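Here the structure is laid out as structure tokens; the discussion comes afterwards.
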Amino acid sequence: MPSRPLSPHLSVYKFKYTLVSSILNRFSGIALSVGLIALTYWLLAVASGARAQAQAQALLSTPLARLFLAAMVIAFCYHLVAGVRHLVWDTGRGLERTTAQKSAWLVGLLSIVLMLLIFYWLWRGGHAP
Amino acid sequence: MSLNTPLRQVLGLGSARSGVQHWWLQRLTSVALVPLSIWFTVSLLCLPALDHATVTAWMSQGLSALLLVLLVLTATWHSRLGVQVVIEDYVHGAGARTLLLVLAGFAHVFLAAAAVFAILKLAFGRGA
């Protein structure tokens, strides 16, 4: 194969927090892909009857699984808000450096607010698996 | 010295237009996932409990089943496109990359099929 320029050349960039907002979007996306496995497992368990679902529910209630589900909520909130930022970029808006730096903070802030709302709702309702 | 024309030598080396389709589908699925994922999250949070009776009653409603199928298909599609880019970016050996891309593709199709099967089973049957 001919050697052609390959991206990404991560090491040539000076560190900047907008870089973190970018890689977090990728990490949260990968995390949510793993979450799809859990979602499918849960759906199959529900479809297999009450006993299978009770087993799945017990498995999803272990501390490790709760940690995983909490991570899924965090990843979902971040990926959702950061994804909307990308969609705005796709219209050609907000690409200036200062605007992109501001929107990186905005994404962080909004996703934390969303996350807290969900956790508060779960804590108040108390039916987290 | 190659006897191929200059055009022949570059065909297939670039995006050859399929890159736009990948980009566009990722955007299209993300736009669809905004309302679908919010609906799913709010619906789950609004269920009084997550026991079998409550969940099956919710999922046997036509609208819930329909939106769930759409959510699962769109999410696995979006995920497949995203995972593909990650593999292409970070896995450099041609053999390993191809193998991983194929495996990731199979895994996503399997997840989509299994999830849709589960949803339809609940929507059409009594869910055992």
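Chain labels follow the order of the structure tokens: the first chain is A, the next B, and so on; residue numbering restarts at 1 in every chain, and ligands are counted from 1 in their shown order.
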
Q) Could you write out as a PyMOL selection string the residues of chain B within 7 Å of chain A, counting only C-alpha atoms? A) chain B and resi 34+49-50+52+79+83+89+111+114-115+118-119+121-122+127-128

**Q.** Contact residues around stretch 58-70 of chain B with only C-alpha atoms at 6 Å, ignoring same-chain residues under 2 positions, as number ranges by chain
**A.** B: 55-56, 72-74, 116, 122-123

C-alpha atoms of the current selection, written as a short mmCIF file (atom, residue, chain, number, x, y, z; two decimals), in the first residue's frame:
data_model
loop_
_atom_site.label_atom_id
_atom_site.label_comp_id
_atom_site.auth_asym_id
_atom_site.auth_seq_id
_atom_site.Cartn_x
_atom_site.Cartn_y
_atom_site.Cartn_z
CA VAL B 55 -42.61 -2.95 30.98
CA THR B 56 -44.55 -5.41 28.80
CA VAL B 72 -32.94 0.55 17.99
CA LEU B 73 -32.43 0.59 14.21
CA THR B 74 -31.29 4.21 14.11
CA VAL B 116 -36.13 -5.81 16.92
CA LEU B 122 -43.63 -8.41 22.89
CA ALA B 123 -45.74 -6.26 20.58
#

Q.
DSSP on the backbone, helix (DSSP H, G or I) only: what residues of stretch 5-35 of chain A does that give? Format it as number ranges by chain.
A. A: 10-12, 17-35

Output C-alpha atoms for every residue in that selection, as a PDB file, in the first residue's frame.
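File written: selection_19.pdb
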ATOM      1  CA  LEU A  10      -2.683  13.813  17.567  1.00  0.00           C
ATOM      2  CA  SER A  11       0.845  14.588  18.740  1.00  0.00           C
ATOM      3  CA  VAL A  12       1.300  17.705  16.583  1.00  0.00           C
ATOM      4  CA  TYR A  17      -9.662  22.012  26.160  1.00  0.00           C
ATOM      5  CA  THR A  18     -11.595  22.014  22.882  1.00  0.00           C
ATOM      6  CA  LEU A  19      -9.504  18.925  22.131  1.00  0.00           C
ATOM      7  CA  VAL A  20     -10.966  17.281  25.242  1.00  0.00           C
ATOM      8  CA  SER A  21     -14.515  18.093  24.127  1.00  0.00           C
ATOM      9  CA  SER A  22     -13.765  16.364  20.832  1.00  0.00           C
ATOM     10  CA  ILE A  23     -12.265  13.180  22.253  1.00  0.00           C
ATOM     11  CA  LEU A  24     -14.978  12.968  24.936  1.00  0.00           C
ATOM     12  CA  ASN A  25     -17.562  12.867  22.165  1.00  0.00           C
ATOM     13  CA  ARG A  26     -15.757   9.883  20.679  1.00  0.00           C
ATOM     14  CA  PHE A  27     -15.367   8.138  24.045  1.00  0.00           C
ATOM     15  CA  SER A  28     -19.004   8.667  24.966  1.00  0.00           C
ATOM     16  CA  GLY A  29     -20.004   7.364  21.538  1.00  0.00           C
ATOM     17  CA  ILE A  30     -18.002   4.173  22.020  1.00  0.00           C
ATOM     18  CA  ALA A  31     -19.446   3.807  25.521  1.00  0.00           C
ATOM     19  CA  LEU A  32     -22.966   4.100  24.131  1.00  0.00           C
ATOM     20  CA  SER A  33     -22.153   1.457  21.512  1.00  0.00           C
ATOM     21  CA  VAL A  34     -21.338  -0.871  24.409  1.00  0.00           C
ATOM     22  CA  GLY A  35     -24.562   0.309  26.028  1.00  0.00           C
TER      23      GLY A  35
END

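Note that atom CA of A:Ser111 and atom CA of A:Tyr78 are 5.1 Å apart.
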
**Q.** Coordinates-based distance that separates atom CA of B:Leu33 from atom CA of A:Gly92 (Å, one decimal)
**A.** 21.1 Å

Q: Considering only C-alpha atoms, state which residue in the set B:Leu3, B:Leu71, B:Leu47, B:Val102 is at the smallest distance from B:Ala32.
A: B:Leu71

Q: Counting only C-alpha atoms, figure out which residue out of B:Leu81, B:Gly125, B:Ser2, B:His108 gets nearest to B:Gln21.
A: B:Leu81

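Counting from atom CA of B:Gly19, the distance to atom CA of B:Val85 is 11.0 Å.
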